[in-house]
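What's in model19.cif: mmCIF, C-alpha atoms
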```cif
data_data
loop_
_atom_site.label_atom_id
_atom_site.label_comp_id
_atom_site.auth_asym_id
_atom_site.auth_seq_id
_atom_site.Cartn_x
_atom_site.Cartn_y
_atom_site.Cartn_z
CA MET A 1 0.00 0.00 0.00
CA LYS A 2 2.80 2.40 0.92
CA LYS A 3 4.55 1.79 -2.42
CA ILE A 4 1.33 2.57 -4.32
CA PHE A 5 0.87 5.77 -2.34
CA VAL A 6 4.45 6.89 -2.98
CA LEU A 7 3.92 6.47 -6.72
CA LEU A 8 0.69 8.49 -6.50
CA VAL A 9 2.28 11.33 -4.56
CA ALA A 10 5.21 11.42 -6.95
CA ALA A 11 2.75 12.21 -9.73
CA VAL A 12 0.53 14.74 -7.95
CA LEU A 13 0.19 18.39 -8.73
CA ALA A 14 2.54 20.68 -6.80
CA PHE A 15 1.00 24.10 -6.32
CA ALA A 16 2.30 26.88 -8.53
CA GLY A 17 4.96 28.93 -6.80
CA THR A 18 5.67 26.46 -3.97
CA PRO A 19 8.97 24.58 -3.76
CA CYS A 20 9.09 20.81 -4.20
CA HIS A 21 11.66 19.89 -1.55
CA LEU A 22 9.74 17.03 0.04
CA SER A 23 10.01 13.48 -1.16
CA ALA A 24 6.84 11.41 -1.42
CA ALA A 25 8.09 9.12 1.33
CA SER A 26 8.64 11.96 3.82
CA VAL A 27 5.14 13.31 3.18
CA TRP A 28 3.71 9.88 3.92
CA GLU A 29 5.76 9.40 7.07
CA LYS A 30 5.52 12.82 8.69
CA ALA A 31 2.11 14.29 7.84
CA VAL A 32 -0.31 14.55 10.76
CA ASP A 33 -3.91 14.06 9.57
CA LEU A 34 -5.87 17.07 10.83
CA SER A 35 -9.18 15.51 9.80
CA ALA A 36 -8.61 12.23 11.66
CA SER A 37 -10.47 13.47 14.76
CA GLY A 38 -13.28 15.13 12.80
CA HIS A 39 -13.97 16.92 9.53
CA ALA A 40 -14.50 20.69 9.55
CA ASN A 41 -14.13 23.83 7.44
CA CYS A 42 -11.33 25.09 9.69
CA TYR A 43 -8.26 23.18 10.85
CA VAL A 44 -6.08 24.54 13.66
CA VAL A 45 -2.32 24.05 13.33
CA THR A 46 -0.51 24.74 16.59
CA ALA A 47 3.10 23.80 15.78
CA PRO A 48 5.50 23.60 12.86
CA GLY A 49 5.45 20.32 10.98
CA PHE A 50 3.93 18.26 8.19
CA TYR A 51 0.13 18.00 7.99
CA CYS A 52 -2.63 16.72 5.76
CA PHE A 53 -6.42 16.66 5.68
CA ASP A 54 -9.17 14.89 3.76
CA VAL A 55 -10.67 16.87 0.85
CA THR A 56 -13.33 14.36 -0.18
CA VAL A 57 -15.88 15.65 2.35
CA MET A 58 -17.57 19.05 2.56
CA GLY A 59 -17.42 20.70 5.94
CA ASN A 60 -18.24 18.32 8.78
CA GLY A 61 -19.77 15.77 6.43
CA GLN A 62 -23.22 14.38 5.78
CA GLU A 63 -24.42 15.10 9.32
CA GLY A 64 -24.02 18.79 8.50
CA ILE A 65 -26.68 18.72 5.77
CA VAL A 66 -30.21 19.55 6.88
CA PRO A 67 -32.49 17.77 4.38
CA GLY A 68 -34.91 19.83 2.35
CA VAL A 69 -33.97 23.31 3.57
CA GLY A 70 -32.27 24.57 0.43
CA PHE A 71 -28.59 23.84 0.93
CA HIS A 72 -26.61 23.88 -2.31
CA THR A 73 -26.28 20.08 -2.17
CA GLU A 74 -27.79 17.04 -0.47
CA ASN A 75 -24.52 15.09 -0.59
CA ALA A 76 -21.37 16.03 1.30
CA ALA A 77 -19.07 13.69 -0.66
CA ILE A 78 -16.87 15.29 -3.34
CA SER A 79 -14.20 14.08 -5.79
CA PRO A 80 -11.85 16.97 -6.61
CA VAL A 81 -9.29 16.76 -9.39
CA SER A 82 -7.08 19.75 -8.50
CA ALA A 83 -6.39 22.26 -5.76
CA LYS A 84 -5.04 25.77 -5.26
CA ILE A 85 -3.91 28.06 -2.44
CA LEU A 86 -6.21 31.09 -2.25
CA LEU A 87 -4.69 32.78 0.81
CA ASN A 88 -1.34 32.28 2.52
CA GLN A 89 -0.60 35.01 5.07
CA ASP A 90 3.15 35.41 5.66
CA ASP A 91 3.68 32.11 3.86
CA VAL A 92 2.44 30.10 6.83
CA LEU A 93 2.14 27.09 4.50
CA SER A 94 4.82 25.76 2.20
CA GLU A 95 5.52 22.67 0.11
CA VAL A 96 1.85 22.04 -0.51
CA TYR A 97 0.62 19.02 -2.47
CA PHE A 98 -2.67 17.49 -3.53
CA GLY A 99 -3.08 13.79 -4.10
CA SER A 100 -5.07 10.69 -3.23
CA GLY A 101 -7.95 12.74 -1.84
CA LYS A 102 -5.83 14.76 0.58
CA ILE A 103 -3.99 18.06 0.84
CA TYR A 104 -0.45 17.85 2.28
CA PHE A 105 1.53 20.82 3.51
CA ARG A 106 4.30 22.00 5.75
CA ALA A 107 3.61 24.63 8.43
CA GLY A 108 6.42 26.83 9.67
CA GLU A 109 7.05 28.95 12.75
CA LYS A 110 5.00 31.93 11.59
CA LYS A 111 1.37 32.32 12.63
CA GLY A 112 -1.42 33.39 10.34
CA ASN A 113 -4.18 32.10 8.11
CA ALA A 114 -4.39 30.23 4.85
CA GLN A 115 -7.16 29.06 2.57
CA ILE A 116 -7.08 26.18 0.10
CA ALA A 117 -9.74 25.29 -2.49
CA VAL A 118 -10.35 22.16 -4.52
CA TYR A 119 -11.74 22.12 -8.05
CA ASP A 120 -13.72 19.90 -10.38
CA ALA A 121 -12.74 18.96 -13.93
CA ALA A 122 -14.39 22.12 -15.28
CA GLY A 123 -12.13 24.30 -13.11
CA GLU A 124 -14.85 25.41 -10.69
CA VAL A 125 -14.36 25.49 -6.93
CA ILE A 126 -16.11 22.60 -5.20
CA TRP A 127 -15.10 23.49 -1.63
CA SER A 128 -12.50 25.39 0.39
CA TRP A 129 -10.90 25.15 3.82
CA HIS A 130 -9.37 27.58 6.31
CA ILE A 131 -6.01 26.61 7.87
CA TRP A 132 -5.54 28.52 11.12
CA ARG A 133 -1.94 28.66 12.35
CA THR A 134 -2.07 29.81 15.97
CA ASP A 135 -1.28 28.65 19.49
CA ALA A 136 -3.62 25.98 20.80
CA PRO A 137 -6.82 27.85 21.75
CA ALA A 138 -7.90 27.42 25.35
CA ASP A 139 -11.44 26.64 26.53
CA ILE A 140 -13.01 28.91 29.12
CA ALA A 141 -16.15 27.80 30.99
CA TYR A 142 -18.77 30.09 32.47
CA THR A 143 -22.41 30.09 33.50
CA ASN A 144 -24.59 32.98 32.44
CA ARG A 145 -27.33 34.73 34.37
CA ASP A 146 -29.90 32.29 32.96
CA LYS A 147 -27.95 29.44 34.61
CA ILE A 148 -26.86 28.09 31.22
CA SER A 149 -23.26 26.92 31.04
CA TRP A 150 -20.98 27.43 28.05
CA VAL A 151 -17.43 26.51 27.13
CA VAL A 152 -16.03 29.34 25.00
CA MET A 153 -12.90 29.46 22.86
CA ASP A 154 -10.43 32.06 24.13
CA ARG A 155 -10.08 33.83 20.77
CA ASN A 156 -12.02 34.74 17.64
CA ILE A 157 -11.51 32.57 14.58
CA GLY A 158 -8.37 33.64 12.76
CA ALA A 159 -6.73 35.40 15.71
CA THR A 160 -3.05 34.60 16.18
CA ALA A 161 -3.14 35.48 19.89
CA ALA A 162 -5.74 35.38 22.65
CA SER A 163 -5.14 39.05 23.54
CA GLY A 164 -3.00 42.02 22.55
CA ASP A 165 -1.40 42.07 19.12
CA GLY A 166 -2.95 39.41 16.94
CA ALA A 167 -6.25 39.19 18.84
CA ASN A 168 -8.26 40.53 15.92
CA GLY A 169 -9.61 37.61 13.92
CA LEU A 170 -11.08 37.15 10.47
CA TYR A 171 -14.49 38.33 9.27
CA TYR A 172 -17.52 36.41 8.05
CA GLN A 173 -20.80 37.13 6.34
CA TRP A 174 -23.61 35.51 8.29
CA GLY A 175 -24.15 31.91 7.24
CA ARG A 176 -20.96 31.56 5.19
CA LYS A 177 -17.98 29.35 6.02
CA ASP A 178 -15.26 31.37 4.28
CA PRO A 179 -13.27 34.05 6.11
CA PHE A 180 -12.11 37.46 4.92
CA GLU A 181 -9.30 39.69 6.10
CA ALA A 182 -10.10 43.31 6.97
CA SER A 183 -7.64 44.51 4.33
CA ALA A 184 -9.44 42.54 1.61
CA LEU A 185 -12.85 43.82 2.68
CA ALA A 186 -11.62 47.40 2.59
CA LYS A 187 -11.33 47.02 -1.19
CA GLY A 188 -15.09 46.53 -1.45
CA MET A 189 -17.59 43.76 -2.08
CA ARG A 190 -18.81 42.12 -5.25
CA VAL A 191 -22.39 42.65 -6.35
CA ASN A 192 -23.90 39.18 -6.33
CA LYS A 193 -26.32 39.05 -9.23
CA ASP A 194 -26.59 35.27 -9.04
CA ARG A 195 -28.14 35.52 -5.57
CA ASN A 196 -27.65 31.96 -4.40
CA LEU A 197 -25.69 29.79 -2.03
CA ALA A 198 -24.05 27.74 -4.76
CA TYR A 199 -22.42 30.90 -6.12
CA ALA A 200 -21.00 31.73 -2.69
CA VAL A 201 -19.48 28.26 -2.35
CA LYS A 202 -17.82 28.59 -5.77
CA HIS A 203 -16.43 32.05 -4.95
CA PRO A 204 -14.96 31.80 -1.43
CA ARG A 205 -12.84 34.92 -1.81
CA GLN A 206 -15.76 37.17 -2.74
CA ALA A 207 -17.62 39.06 -0.05
CA LEU A 208 -21.03 39.38 -1.64
CA GLN A 209 -22.90 42.65 -1.71
CA PRO A 210 -26.67 42.46 -2.09
CA LEU A 211 -28.54 44.16 -4.87
CA GLU A 212 -29.99 47.57 -4.15
CA TRP A 213 -33.04 47.57 -1.90
CA LYS A 214 -36.00 48.53 -4.06
CA GLY A 215 -38.93 47.59 -1.86
CA VAL A 216 -40.00 46.69 1.65
CA TYR A 217 -39.91 42.97 0.90
CA ASP A 218 -36.39 43.06 -0.50
CA THR A 219 -33.45 42.30 1.76
CA PHE A 220 -29.80 43.04 2.36
CA ASP A 221 -29.01 39.35 2.47
CA TRP A 222 -26.04 38.21 0.34
CA GLY A 223 -27.87 35.07 -0.76
CA GLY A 224 -31.32 36.27 -1.77
CA ASN A 225 -33.14 39.40 -2.88
CA HIS A 226 -36.44 38.75 -1.10
CA ARG A 227 -37.34 37.76 2.44
CA ASP A 228 -38.98 34.60 1.19
CA SER A 229 -35.81 33.46 -0.59
CA ILE A 230 -33.21 33.73 2.17
CA ASN A 231 -32.02 30.64 4.04
CA GLN A 232 -32.48 30.64 7.82
CA HIS A 233 -30.73 27.28 8.37
CA LEU A 234 -27.16 28.01 7.26
CA TRP A 235 -25.65 27.97 10.76
CA GLY A 236 -28.09 25.44 12.22
CA ASN A 237 -30.25 27.71 14.36
CA PRO A 238 -33.15 28.93 12.17
CA ASP A 239 -35.69 29.68 14.88
CA PHE A 240 -33.71 32.16 16.98
CA ALA A 241 -33.36 29.58 19.73
CA TYR A 242 -31.50 31.71 22.24
CA CYS A 243 -31.72 28.99 24.88
CA HIS A 244 -31.02 26.28 22.35
CA PRO A 245 -29.58 23.18 24.09
CA LEU A 246 -26.16 22.65 22.56
CA LYS A 247 -26.78 18.92 22.34
CA ASP A 248 -29.67 19.61 19.96
CA MET A 249 -27.81 22.10 17.78
CA VAL A 250 -26.95 21.15 14.22
CA LYS A 251 -23.45 21.96 13.08
CA THR A 252 -23.99 22.50 9.38
CA ILE A 253 -21.55 22.09 6.51
CA TYR A 254 -21.30 25.89 6.44
CA ASP A 255 -20.20 26.32 10.07
CA PRO A 256 -16.75 28.01 10.09
CA CYS A 257 -15.58 26.61 13.45
CA PRO A 258 -13.01 23.84 13.95
CA ALA A 259 -14.12 20.30 14.81
CA GLY A 260 -15.74 20.13 18.23
CA TYR A 261 -16.99 23.72 18.12
CA VAL A 262 -19.98 25.61 16.69
CA VAL A 263 -20.83 29.26 16.12
CA ALA A 264 -22.09 30.61 19.43
CA PRO A 265 -25.88 30.48 19.94
CA SER A 266 -27.66 33.76 20.40
CA ASN A 267 -27.64 33.86 24.19
CA ALA A 268 -24.09 32.61 24.68
CA PHE A 269 -22.91 36.14 25.42
CA ILE A 270 -26.01 37.56 27.10
CA ASP A 271 -23.82 38.47 30.07
CA PHE A 272 -22.10 41.11 27.98
CA GLU A 273 -24.96 43.14 29.46
CA VAL A 274 -23.72 42.49 33.02
CA GLU A 275 -21.37 45.36 33.78
CA GLU A 276 -19.49 43.49 36.49
CA ARG A 277 -18.33 40.89 33.97
CA LEU A 278 -16.60 43.39 31.66
CA GLU A 279 -13.16 44.91 32.09
CA PHE A 280 -12.22 47.40 29.39
CA GLU A 281 -8.80 48.21 28.02
CA GLY A 282 -7.59 50.06 24.95
CA SER A 283 -7.99 47.49 22.21
CA GLY A 284 -10.93 45.49 23.59
CA PHE A 285 -12.45 44.16 26.77
CA TRP A 286 -12.03 41.17 29.06
CA PHE A 287 -15.09 39.05 29.74
CA LYS A 288 -14.94 37.57 33.23
CA ALA A 289 -15.99 33.94 33.44
CA ASN A 290 -16.06 31.46 36.33
CA ASP A 291 -13.22 30.92 38.82
CA ALA A 292 -11.48 34.18 37.92
CA GLN A 293 -10.99 33.06 34.31
CA LYS A 294 -11.53 35.62 31.61
CA CYS A 295 -11.26 35.90 27.84
CA PHE A 296 -10.53 38.85 25.60
CA PHE A 297 -12.78 40.30 22.89
CA PRO A 298 -11.06 42.77 20.55
CA PHE A 299 -12.72 45.88 19.18
CA GLY A 300 -12.87 44.38 15.70
CA GLY A 301 -15.97 46.28 14.63
CA GLY A 302 -17.94 45.41 11.53
CA ILE A 303 -17.22 45.93 7.86
CA TYR A 304 -19.79 46.52 5.16
CA THR A 305 -19.37 48.55 1.99
CA GLY A 306 -22.86 48.01 0.67
CA VAL A 307 -25.38 50.18 -1.07
CA LYS A 308 -27.33 51.53 1.90
CA LEU A 309 -25.53 50.59 5.08
CA ASP A 310 -21.92 51.70 5.39
CA ARG A 311 -21.81 51.07 9.16
CA PRO A 312 -20.34 54.44 10.19
CA GLU A 313 -20.96 53.52 13.85
CA MET A 314 -19.18 50.15 13.62
CA PRO A 315 -15.67 50.79 12.28
CA VAL A 316 -12.78 48.60 13.33
CA GLY A 317 -11.58 49.79 16.73
CA ALA A 318 -14.93 51.22 17.90
CA SER A 319 -16.79 48.10 19.02
CA SER A 320 -16.60 44.39 19.57
CA ALA A 321 -19.13 42.43 17.53
CA VAL A 322 -19.52 38.69 16.99
CA TRP A 323 -22.10 36.86 14.94
CA ASN A 324 -24.44 34.36 16.60
CA SER A 325 -25.67 31.19 14.91
CA ALA A 326 -29.31 32.29 15.05
CA SER A 327 -31.37 33.79 12.34
CA ALA A 328 -32.80 37.09 13.55
CA ARG A 329 -36.20 36.67 11.96
CA PHE A 330 -38.04 36.77 15.29
CA ILE A 331 -36.68 40.16 16.26
CA TYR A 332 -37.11 43.48 14.54
CA TRP A 333 -34.58 42.73 11.78
CA ASP A 334 -36.52 39.72 10.60
CA ASP A 335 -34.40 38.89 7.57
CA GLY A 336 -30.98 39.27 9.19
CA GLY A 337 -28.54 37.44 11.39
CA SER A 338 -28.14 38.00 15.11
CA ARG A 339 -25.02 39.35 16.76
CA SER A 340 -23.68 40.42 20.14
CA VAL A 341 -22.11 43.88 20.38
CA VAL A 342 -20.20 45.91 22.98
CA TYR A 343 -19.35 49.53 22.17
CA LYS A 344 -15.98 50.96 23.15
CA ASP A 345 -16.90 54.52 24.14
CA THR A 346 -20.26 53.98 25.85
CA HIS A 347 -19.65 50.43 27.15
CA GLU A 348 -23.19 49.69 25.98
CA ALA A 349 -23.91 46.04 25.20
CA ARG A 350 -26.56 44.72 22.84
CA ASN A 351 -27.42 41.05 22.57
CA TYR A 352 -29.73 39.34 20.07
CA TYR A 353 -29.11 42.39 17.89
CA GLY A 354 -30.06 41.75 14.27
CA ASP A 355 -28.18 43.00 11.26
CA THR A 356 -27.96 42.51 7.53
CA ARG A 357 -26.18 39.28 6.66
CA ALA A 358 -24.02 41.01 4.10
CA CYS A 359 -22.15 42.68 6.97
CA CYS A 360 -18.87 41.11 8.02
CA TYR A 361 -18.26 40.42 11.70
CA GLN A 362 -15.98 38.11 13.63
CA VAL A 363 -16.98 34.74 15.08
CA ARG A 364 -16.37 33.23 18.52
CA CYS A 365 -16.88 29.47 18.82
CA VAL A 366 -18.33 27.45 21.70
CA ARG A 367 -17.80 23.77 22.45
CA GLN A 368 -20.36 21.32 21.10
CA ALA A 369 -22.13 19.18 23.65
CA LYS A 370 -21.34 15.49 23.39
#
```
Would you write the structure of this file as structure tokens?
Amino acid sequence: MKKIFVLLVAAVLAFAGTPCHLSAASVWEKAVDLSASGHANCYVVTAPGFYCFDVTVMGNGQEGIVPGVGFHTENAAISPVSAKILLNQDDVLSEVYFGSGKIYFRAGEKKGNAQIAVYDAAGEVIWSWHIWRTDAPADIAYTNRDKISWVVMDRNIGATAASGDGANGLYYQWGRKDPFEASALAKGMRVNKDRNLAYAVKHPRQALQPLEWKGVYDTFDWGGNHRDSINQHLWGNPDFAYCHPLKDMVKTIYDPCPAGYVVAPSNAFIDFEVEERLEFEGSGFWFKANDAQKCFFPFGGGIYTGVKLDRPEMPVGASSAVWNSASARFIYWDDGGSRSVVYKDTHEARNYYGDTRACCYQVRCVRQAK
């Protein structure tokens, strides 16, 4: 079996612009399989070394598909024929190869984020993954004022540090799995005339701007131009279940969190409204959890360069905002996504706060219940 694999790897495509210093045998012997403990859209790499992951499964697999709700597919299995690096901050990945249904790469000392896509025979993106090179995130447990307990990751997705420099993470449009850097979003969004989820999957580097709002039943959603056409199920919490038991939550194929985590439900951070639990400093605030533990939330703000909402009150550095998994259709913004916000100057907190899904905010993950 090993001999067959070596012959396959020797014939695989090496990515354009990456050196080919590794022999097929060393890839086989040294690569740690990131997907062995669970498939996901994001894989955390905590140390230099050789790694690989399975690219024949979308997201977290078949269990992440909710039947009949309008996902772009009913089957999570894929058979890519090629691959490409879409993002490689500070060259965190090198010597990258595709073959035998897996991506292989070498991670160095530098921290940062990368994104790799796989393609079909027609040259279209089938799926893409986020590689997150950071220190091992810690879990912080707390119980909120409603007596509901959570285990929260100590950093936003994409952050290279839990606090201080590097604490700002990547940005997401509600319901999408693919991250964006603030610098890329500053260049503007693409008008999405196709208006569907399949288009978003095929264009993971495009932040999608909605069409202009022409009537009360139109929406600022990136994936539909009418309230009846938007998808409430993308992050597994369509009914604004703010006390949703984690054991009953669905982690969908579009969830951007690593294996074992999900996008935080809508009441995970309700205690942002409890003044005694917040400790402010220049670049963000500390949220006090149980047993004197605390975790940092940077003032990452929100980014949207759309046609009506330019978010002048939510620039980077002025607030901390994280998306929740819930659709916001049962609050006043009935076609949006919900978020939790803390403002820097006023220290005001807003939970369950709806907003247009074309906005880009950061994401904080919570542990899935077993």
* Selected by the PyMOL selection byres ((chain A and resi 53) around 12) in the shown coordinates: which residues, as a ChimeraX atom specification? -> /A:31-45,50-52,54-59,96-106,116,128-131
* Asked: Got a sec to resolve the PyMOL selection byres ((chain A and resi 367) around 9) on this structure and send the residues as number ranges by chain?
  -> A: 139, 150-153, 246, 260-264, 365-366, 368-369
* Counting only C-alpha atoms, the residue of A:Thr346, A:Ser163, A:Asn231, A:Asn156 that sits nearest A:Trp286 ->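 Going through A:Thr346, A:Ser163, A:Asn231, A:Asn156 one by one, the smallest distance to A:Trp286 is for A:Ser163.
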* Which protein, DNA or RNA residues have an atom at most 10 Å from (-1.9, 28.2, 13.3), counting only C-alpha atoms? List them as a list in words. -> Tyr43, Val44, Val45, Thr46, Ala47, Pro48, Val92, Leu93, Ala107, Gly108, Glu109, Lys110, Lys111, Gly112, Asn113, Ala114, Ile131, Trp132, Arg133, Thr134, Asp135, Ala136, Pro137, Gly158, Ala159, Thr160 and Ala161 of chain A
Could you write out that same residue set with C-alpha atoms as an mmCIF file, in the frame of the given file?
```
data_model
loop_
_atom_site.group_PDB
_atom_site.id
_atom_site.type_symbol
_atom_site.label_atom_id
_atom_site.label_comp_id
_atom_site.auth_asym_id
_atom_site.auth_seq_id
_atom_site.Cartn_x
_atom_site.Cartn_y
_atom_site.Cartn_z
ATOM 1 C CA TYR A 43 -8.260 23.180 10.850
ATOM 2 C CA VAL A 44 -6.080 24.540 13.660
ATOM 3 C CA VAL A 45 -2.320 24.050 13.330
ATOM 4 C CA THR A 46 -0.510 24.740 16.590
ATOM 5 C CA ALA A 47 3.100 23.800 15.780
ATOM 6 C CA PRO A 48 5.500 23.600 12.860
ATOM 7 C CA VAL A 92 2.440 30.100 6.830
ATOM 8 C CA LEU A 93 2.140 27.090 4.500
ATOM 9 C CA ALA A 107 3.610 24.630 8.430
ATOM 10 C CA GLY A 108 6.420 26.830 9.670
ATOM 11 C CA GLU A 109 7.050 28.950 12.750
ATOM 12 C CA LYS A 110 5.000 31.930 11.590
ATOM 13 C CA LYS A 111 1.370 32.320 12.630
ATOM 14 C CA GLY A 112 -1.420 33.390 10.340
ATOM 15 C CA ASN A 113 -4.180 32.100 8.110
ATOM 16 C CA ALA A 114 -4.390 30.230 4.850
ATOM 17 C CA ILE A 131 -6.010 26.610 7.870
ATOM 18 C CA TRP A 132 -5.540 28.520 11.120
ATOM 19 C CA ARG A 133 -1.940 28.660 12.350
ATOM 20 C CA THR A 134 -2.070 29.810 15.970
ATOM 21 C CA ASP A 135 -1.280 28.650 19.490
ATOM 22 C CA ALA A 136 -3.620 25.980 20.800
ATOM 23 C CA PRO A 137 -6.820 27.850 21.750
ATOM 24 C CA GLY A 158 -8.370 33.640 12.760
ATOM 25 C CA ALA A 159 -6.730 35.400 15.710
ATOM 26 C CA THR A 160 -3.050 34.600 16.180
ATOM 27 C CA ALA A 161 -3.140 35.480 19.890
#
```
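Separating atom CA of A:Arg190 from atom CA of A:Ala358 is a distance of 10.8 Å.
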* Asked: Which distance in Å separates atom CA of A:Pro265 and atom CA of A:Asp165, to one decimal?
  -> 27.1 Å
* To do: Could you tell me which residues the PyMOL selection byres ((chain A and resi 278) around 12) grabs in this file, written as a PyMOL selection string?
  => chain A and resi 269-277+279-281+284-289+294-297+342-344+347-349
* **Neighbour residues at most 9 Å from (-11.4, 49.3, 18.9) (all atoms listed in the file) as a ChimeraX atom specification** => /A:282-284,298-301,315-320,343-344
* Asked: So which one's closest to A:Ile230, A:Val250, A:Leu197, A:Ala121, A:Ala207? Using all atoms listed in the file, please.
  ->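 Among the listed residues, A:Leu197 lies closest to A:Ile230.
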* Tell me, as a PyMOL selection string, which residues lie within 12 Å of A:Tyr199, counting only C-alpha atoms; anything in the same chain fewer than 2 positions away does not count. => chain A and resi 71-72+124-127+176+190-197+201-208+222-224
* To do: List the neighbours of A:Cys359 out to 6 Å using all atoms listed in the file; skip same-chain residues closer than 6 positions along the sequence, and give me the result as a list in words.
  => Gln173, Ile303 and Tyr304 of chain A
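From atom CA of A:Ile253 back to atom CA of A:Gly302, the distance works out to 24.1 Å.
The nearest approach to A:Tyr171 among the residues A:Ala321, A:Glu74, A:Gly354, A:Asn88, with only C-alpha atoms taken into account, belongs to A:Ala321.
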